[in-house]
Amino acid sequence: RHLRDILMNLILEPEGFTPEHAAGGLRSIMRGEASDAQIGGFLTALRLRGVDREPEMIAALAQEMLSNALIPCIELDGKSREDFGIVADIVGTGGDGWNTFNISTTSSLIAAAAGLTVAKHGSRSFSSNCGSADLLENMGCNLSAVLPVHVAQLFNEHHYCFILANIFQPSMHYVTKIWRELKFSTPFSVLGPLTNPVIPNRAVIGVNSKALGPVMAEALRIMGRRNYAVVCGDENLDEISIAGDTHVWHIQESGEIKNYTIHPRDFGVPAHPLSEAAGATLEDNKATLHRLLSSELEDRDIAARDFVLINTGFLLYVAGTASSMEEGATIARQTLESGKVKTLLESFTKATWAL
């Protein structure tokens, strides 16, 4: 069905609008059939219909996105996907308004340097001063050169690959321009973390609203994901907060969603005000990352470092690399101080230019 017909259904019969209709609308957009006006109308109507509060709708849209993504084959020289071990991601929805330092990006590098295979899904900035791809590209990485065919090779050599959304989701370019212009959140604002085409075995996914946490977790459960943790800082922060409590919705192997609260003290790390871990500009974040990786910390970097340690520590815990959150943070700190993370980023950067 054409988006025009699905949009009419959504506007005139909103109560009869189903997850199949939502997926069909996205399918029509990704086939290039819809006009900009129709796409804008669809996104706006989805928002007004409250689709971003319905896990079945979010799961249907995410599955449709994945069915149009470029899915990498994780096999190399006789190694199967299973031979690469657990593959993990740490990613947030963005849009929390806090403009903190690039926590998940830095955490992904530390976790990989600690031996976990990480498929970091990300994009250039939509909502913050500096997106994950912006930072790594500014550090020298040639992320646009990383194609699905390269993922297994990069995992094998570096335990790390950056999955740039617009390269692996080429059909989404029809909607991205409109989405940026609308300036308000739509259901598409939350789909990025659900649609890593590597389909990680474990993940920590940050959301920018406590109300979205259980919705996101249930959408992931519907999609068949297990051993994923959705997190939201008490300040509606899409990371594990360094300032206080963080709410967690942890999808167990059984499919049960376990809800609990964590605090920096669970990692053996002191709390800091969020303002002390603020990211300002791309250049500021680049300089902070350089100091962290080079062990040239200044007093103003301590909060950002501890913020990174608890997020990395939780990822290592969720992935099974660490047996507790505190052990995860300890591994993260040892890895950061060893210089391995700096070496990893340098070698990964060189590899992206040699592809």
# chains A, B, ... in the order shown; residues from 1 in each chain; ligands from 1

$ select_by_dssp --residues "region 9-218 of chain A" --states "alpha helix (DSSP H)" --output "PyMOL selection string"
chain A and resi 9-12+19-30+36-49+55-67+103-113+132-138+151-158+165-168+173-182+212-218

$ closest_atom_pairs --of "region 133-228 of chain A" --to "region 276-294 of chain A" --cutoff "10 Å" --atoms "only C-alpha atoms" --output "Markdown table"
| residue | atom | partner | partner_atom | distance |
| --- | --- | --- | --- | --- |
| A:Asp134 | CA | A:Leu282 | CA | 7.5 |
| A:Leu135 | CA | A:Lys286 | CA | 6.4 |
| A:Leu136 | CA | A:Lys286 | CA | 8.5 |
| A:Asn138 | CA | A:Lys286 | CA | 7.3 |
| A:Met139 | CA | A:Lys286 | CA | 6.9 |

$ write_last_selection --atoms "C-alpha atoms" --output "PDB file, in the first residue's frame"
ATOM      1  CA  ASP A 134      31.233  13.548  14.675  1.00  0.00           C
ATOM      2  CA  LEU A 135      33.690  12.882  17.489  1.00  0.00           C
ATOM      3  CA  LEU A 136      35.367   9.827  15.929  1.00  0.00           C
ATOM      4  CA  ASN A 138      37.166  14.498  14.134  1.00  0.00           C
ATOM      5  CA  MET A 139      39.654  12.143  15.812  1.00  0.00           C
TER       6      MET A 139
END

$ atom_distance --atom1 "CA of Gly78 (chain A)" --atom2 "CA of Asn156 (chain A)"
11.9 Å

$ residues_around --residues "Asp5 (chain A)" --least-positions-apart "6" --cutoff "12 Å" --atoms "only C-alpha atoms" --output "number ranges by chain"
A: 11-13, 17, 21-22, 24-25, 28, 33-34, 38, 42

$ select_by_dssp --residues "region 20-144 of chain A" --states "strand (DSSP E or B)" --output "number ranges by chain"
A: 76, 79, 87-92, 100, 117-122

$ closest_residue --among "A:Met30, A:Gly95, A:Leu61, A:Val51" --to "Ile222 (chain A)" --atoms "only C-alpha atoms"
A:Leu61

$ closest_residue --among "A:Ala59, A:Ala351, A:Leu154, A:Leu26" --to "Leu191 (chain A)" --atoms "only C-alpha atoms"
A:Ala59

$ closest_atom_pairs --of "region 162-267 of chain A" --to "region 323-341 of chain A" --cutoff "9 Å" --atoms "only C-alpha atoms" --output "tab-separated table"
residue	atom	partner	partner_atom	distance
A:Arg265	CA	A:Glu326	CA	8.5
A:Asp266	CA	A:Glu326	CA	6.2
A:Phe267	CA	A:Glu326	CA	3.9

$ atom_distance --atom1 "CA of Ser132 (chain A)" --atom2 "CA of Thr105 (chain A)"
5.7 Å

$ atom_distance --atom1 "CA of Asn208 (chain A)" --atom2 "CA of Thr93 (chain A)"
6.5 Å

$ residues_around --residues "Arg180 (chain A)" --least-positions-apart "6" --cutoff "12 Å" --atoms "only C-alpha atoms" --output "ChimeraX atom specification"
/A:40,43,124-127,173-174,186,188-189

$ write_last_selection --atoms "all heavy atoms" --output "compact mmCIF listing (two decimals), in the first residue's frame"
# COMPACT_ATOMS: atom_id res chain seq x y z
N GLY A 40 6.18 13.99 6.06
CA GLY A 40 6.01 14.89 7.20
C GLY A 40 4.67 14.68 7.88
O GLY A 40 4.57 14.67 9.12
N LEU A 43 4.83 11.33 9.90
CA LEU A 43 5.59 11.46 11.15
C LEU A 43 4.80 12.24 12.20
O LEU A 43 4.78 11.88 13.38
CB LEU A 43 6.93 12.13 10.90
CG LEU A 43 7.94 11.38 10.01
CD1 LEU A 43 9.22 12.18 9.88
CD2 LEU A 43 8.24 10.01 10.56
N ARG A 124 25.81 10.93 12.91
CA ARG A 124 26.23 12.31 13.16
C ARG A 124 25.13 12.99 13.97
O ARG A 124 24.01 12.52 14.01
CB ARG A 124 26.52 13.01 11.84
CG ARG A 124 27.66 12.30 11.08
CD ARG A 124 28.08 13.00 9.81
NE ARG A 124 29.14 12.22 9.17
CZ ARG A 124 28.95 11.35 8.18
NH1 ARG A 124 27.72 11.16 7.70
NH2 ARG A 124 29.95 10.67 7.67
N SER A 125 25.47 14.09 14.59
CA SER A 125 24.59 14.67 15.60
C SER A 125 23.22 15.07 15.05
O SER A 125 23.10 15.70 14.01
CB SER A 125 25.25 15.90 16.22
OG SER A 125 24.38 16.47 17.17
N PHE A 126 22.18 14.67 15.82
CA PHE A 126 20.82 15.18 15.60
C PHE A 126 20.48 16.21 16.66
O PHE A 126 19.88 17.22 16.39
CB PHE A 126 19.80 14.03 15.71
CG PHE A 126 19.62 13.24 14.46
CD1 PHE A 126 20.16 11.97 14.35
CD2 PHE A 126 18.91 13.76 13.40
CE1 PHE A 126 19.99 11.23 13.19
CE2 PHE A 126 18.73 13.02 12.24
CZ PHE A 126 19.27 11.75 12.14
N SER A 127 20.89 15.90 17.91
CA SER A 127 20.31 16.65 19.02
C SER A 127 21.33 17.21 20.00
O SER A 127 20.98 17.94 20.90
CB SER A 127 19.36 15.72 19.80
OG SER A 127 20.05 14.57 20.25
N HIS A 173 17.35 7.60 4.09
CA HIS A 173 17.62 8.99 3.69
C HIS A 173 16.34 9.71 3.27
O HIS A 173 16.25 10.93 3.34
CB HIS A 173 18.68 9.06 2.58
CG HIS A 173 18.17 8.74 1.21
ND1 HIS A 173 18.16 7.46 0.69
CD2 HIS A 173 17.65 9.53 0.23
CE1 HIS A 173 17.67 7.48 -0.52
NE2 HIS A 173 17.35 8.72 -0.83
N TYR A 174 15.32 8.94 2.86
CA TYR A 174 14.05 9.57 2.48
C TYR A 174 13.39 10.27 3.67
O TYR A 174 12.73 11.29 3.52
CB TYR A 174 13.08 8.52 1.92
CG TYR A 174 13.51 7.92 0.60
CD1 TYR A 174 13.94 6.60 0.53
CD2 TYR A 174 13.47 8.67 -0.57
CE1 TYR A 174 14.34 6.03 -0.67
CE2 TYR A 174 13.86 8.11 -1.79
CZ TYR A 174 14.30 6.80 -1.82
OH TYR A 174 14.69 6.25 -3.02
N THR A 186 9.70 12.22 17.15
CA THR A 186 8.71 11.35 16.53
C THR A 186 9.10 9.91 16.92
O THR A 186 10.16 9.70 17.51
CB THR A 186 8.74 11.48 14.99
OG1 THR A 186 9.91 10.80 14.50
CG2 THR A 186 8.76 12.93 14.55
N PHE A 188 10.41 7.84 15.20
CA PHE A 188 11.69 7.55 14.56
C PHE A 188 12.88 7.99 15.43
O PHE A 188 13.99 7.49 15.25
CB PHE A 188 11.76 8.20 13.19
CG PHE A 188 10.88 7.52 12.18
CD1 PHE A 188 9.54 7.82 12.08
CD2 PHE A 188 11.40 6.53 11.35
CE1 PHE A 188 8.72 7.17 11.18
CE2 PHE A 188 10.58 5.88 10.44
CZ PHE A 188 9.24 6.19 10.35
N SER A 189 12.61 8.91 16.37
CA SER A 189 13.67 9.38 17.25
C SER A 189 14.21 8.27 18.14
O SER A 189 15.33 8.36 18.63
CB SER A 189 13.17 10.53 18.12
OG SER A 189 12.57 11.54 17.35

$ residues_around --residues "region 242-256 of chain A" --least-positions-apart "3" --cutoff "6 Å" --atoms "only C-alpha atoms" --output "MDAnalysis selection string"
chainID A and resid 226:234 259:264 271:274 307

$ residues_around --residues "region 83-90 of chain A" --least-positions-apart "5" --cutoff "9 Å" --atoms "only C-alpha atoms" --output "ChimeraX atom specification"
/A:74-75,104-105,107-108,116-121,152,155-156,159,193,196,198-206,311-312,315,319-320

$ closest_residue --among "A:Leu164, A:Cys141, A:Val149, A:Leu345" --to "Ala111 (chain A)" --atoms "only C-alpha atoms"
A:Leu345

$ decode --residues "region 329-340 of chain A" --atoms "all heavy atoms" --output "PDB file, in the first residue's frame"
ATOM      1  N   ALA A 329      33.542  -1.663  36.454  1.00  0.00           N
ATOM      2  CA  ALA A 329      34.176  -0.344  36.532  1.00  0.00           C
ATOM      3  C   ALA A 329      35.673  -0.464  36.789  1.00  0.00           C
ATOM      4  O   ALA A 329      36.473   0.328  36.257  1.00  0.00           O
ATOM      5  CB  ALA A 329      33.516   0.492  37.625  1.00  0.00           C
ATOM      6  N   THR A 330      36.070  -1.463  37.571  1.00  0.00           N
ATOM      7  CA  THR A 330      37.503  -1.687  37.836  1.00  0.00           C
ATOM      8  C   THR A 330      38.230  -2.093  36.555  1.00  0.00           C
ATOM      9  O   THR A 330      39.311  -1.569  36.249  1.00  0.00           O
ATOM     10  CB  THR A 330      37.678  -2.778  38.914  1.00  0.00           C
ATOM     11  OG1 THR A 330      37.034  -2.339  40.117  1.00  0.00           O
ATOM     12  CG2 THR A 330      39.149  -3.045  39.194  1.00  0.00           C
ATOM     13  N   ILE A 331      37.638  -3.015  35.798  1.00  0.00           N
ATOM     14  CA  ILE A 331      38.230  -3.425  34.509  1.00  0.00           C
ATOM     15  C   ILE A 331      38.333  -2.217  33.582  1.00  0.00           C
ATOM     16  O   ILE A 331      39.346  -2.009  32.903  1.00  0.00           O
ATOM     17  CB  ILE A 331      37.403  -4.546  33.859  1.00  0.00           C
ATOM     18  CG1 ILE A 331      37.477  -5.828  34.676  1.00  0.00           C
ATOM     19  CG2 ILE A 331      37.882  -4.808  32.424  1.00  0.00           C
ATOM     20  CD1 ILE A 331      36.485  -6.913  34.235  1.00  0.00           C
ATOM     21  N   ALA A 332      37.268  -1.402  33.560  1.00  0.00           N
ATOM     22  CA  ALA A 332      37.252  -0.217  32.689  1.00  0.00           C
ATOM     23  C   ALA A 332      38.392   0.730  33.059  1.00  0.00           C
ATOM     24  O   ALA A 332      39.106   1.235  32.179  1.00  0.00           O
ATOM     25  CB  ALA A 332      35.906   0.494  32.803  1.00  0.00           C
ATOM     26  N   ARG A 333      38.575   0.966  34.360  1.00  0.00           N
ATOM     27  CA  ARG A 333      39.626   1.892  34.789  1.00  0.00           C
ATOM     28  C   ARG A 333      41.014   1.341  34.457  1.00  0.00           C
ATOM     29  O   ARG A 333      41.876   2.068  33.946  1.00  0.00           O
ATOM     30  CB  ARG A 333      39.514   2.167  36.292  1.00  0.00           C
ATOM     31  CG  ARG A 333      40.546   3.173  36.776  1.00  0.00           C
ATOM     32  CD  ARG A 333      40.219   3.738  38.135  1.00  0.00           C
ATOM     33  NE  ARG A 333      41.176   4.776  38.497  1.00  0.00           N
ATOM     34  CZ  ARG A 333      40.962   5.673  39.438  1.00  0.00           C
ATOM     35  NH1 ARG A 333      39.817   5.694  40.088  1.00  0.00           N
ATOM     36  NH2 ARG A 333      41.870   6.588  39.719  1.00  0.00           N
ATOM     37  N   GLN A 334      41.225   0.057  34.721  1.00  0.00           N
ATOM     38  CA  GLN A 334      42.524  -0.553  34.419  1.00  0.00           C
ATOM     39  C   GLN A 334      42.819  -0.486  32.922  1.00  0.00           C
ATOM     40  O   GLN A 334      43.944  -0.198  32.505  1.00  0.00           O
ATOM     41  CB  GLN A 334      42.541  -2.015  34.904  1.00  0.00           C
ATOM     42  CG  GLN A 334      42.563  -2.159  36.411  1.00  0.00           C
ATOM     43  CD  GLN A 334      42.299  -3.592  36.870  1.00  0.00           C
ATOM     44  OE1 GLN A 334      41.846  -4.441  36.096  1.00  0.00           O
ATOM     45  NE2 GLN A 334      42.571  -3.869  38.146  1.00  0.00           N
ATOM     46  N   THR A 335      41.794  -0.726  32.115  1.00  0.00           N
ATOM     47  CA  THR A 335      41.967  -0.693  30.659  1.00  0.00           C
ATOM     48  C   THR A 335      42.290   0.713  30.181  1.00  0.00           C
ATOM     49  O   THR A 335      43.181   0.918  29.352  1.00  0.00           O
ATOM     50  CB  THR A 335      40.688  -1.215  29.964  1.00  0.00           C
ATOM     51  OG1 THR A 335      40.380  -2.517  30.459  1.00  0.00           O
ATOM     52  CG2 THR A 335      40.872  -1.275  28.451  1.00  0.00           C
ATOM     53  N   LEU A 336      41.557   1.702  30.715  1.00  0.00           N
ATOM     54  CA  LEU A 336      41.791   3.094  30.328  1.00  0.00           C
ATOM     55  C   LEU A 336      43.211   3.531  30.696  1.00  0.00           C
ATOM     56  O   LEU A 336      43.917   4.149  29.889  1.00  0.00           O
ATOM     57  CB  LEU A 336      40.754   3.992  31.018  1.00  0.00           C
ATOM     58  CG  LEU A 336      40.775   5.480  30.667  1.00  0.00           C
ATOM     59  CD1 LEU A 336      40.534   5.702  29.187  1.00  0.00           C
ATOM     60  CD2 LEU A 336      39.726   6.228  31.488  1.00  0.00           C
ATOM     61  N   GLU A 337      43.643   3.181  31.925  1.00  0.00           N
ATOM     62  CA  GLU A 337      44.962   3.631  32.402  1.00  0.00           C
ATOM     63  C   GLU A 337      46.113   2.862  31.764  1.00  0.00           C
ATOM     64  O   GLU A 337      47.258   3.320  31.803  1.00  0.00           O
ATOM     65  CB  GLU A 337      45.010   3.515  33.933  1.00  0.00           C
ATOM     66  CG  GLU A 337      44.077   4.519  34.616  1.00  0.00           C
ATOM     67  CD  GLU A 337      44.011   4.356  36.125  1.00  0.00           C
ATOM     68  OE1 GLU A 337      44.562   3.362  36.647  1.00  0.00           O
ATOM     69  OE2 GLU A 337      43.394   5.231  36.786  1.00  0.00           O
ATOM     70  N   SER A 338      45.818   1.720  31.137  1.00  0.00           N
ATOM     71  CA  SER A 338      46.876   0.902  30.521  1.00  0.00           C
ATOM     72  C   SER A 338      47.377   1.471  29.191  1.00  0.00           C
ATOM     73  O   SER A 338      48.420   1.065  28.695  1.00  0.00           O
ATOM     74  CB  SER A 338      46.352  -0.510  30.270  1.00  0.00           C
ATOM     75  OG  SER A 338      45.415  -0.504  29.188  1.00  0.00           O
ATOM     76  N   GLY A 339      46.603   2.387  28.610  1.00  0.00           N
ATOM     77  CA  GLY A 339      46.959   2.906  27.281  1.00  0.00           C
ATOM     78  C   GLY A 339      46.384   2.083  26.142  1.00  0.00           C
ATOM     79  O   GLY A 339      46.519   2.452  24.969  1.00  0.00           O
ATOM     80  N   LYS A 340      45.699   0.985  26.464  1.00  0.00           N
ATOM     81  CA  LYS A 340      45.154   0.111  25.413  1.00  0.00           C
ATOM     82  C   LYS A 340      44.072   0.802  24.575  1.00  0.00           C
ATOM     83  O   LYS A 340      43.906   0.495  23.402  1.00  0.00           O
ATOM     84  CB  LYS A 340      44.543  -1.152  26.044  1.00  0.00           C
ATOM     85  CG  LYS A 340      45.546  -2.144  26.597  1.00  0.00           C
ATOM     86  CD  LYS A 340      44.781  -3.327  27.204  1.00  0.00           C
ATOM     87  CE  LYS A 340      45.717  -4.303  27.890  1.00  0.00           C
ATOM     88  NZ  LYS A 340      44.936  -5.355  28.603  1.00  0.00           N
TER      89      LYS A 340
END
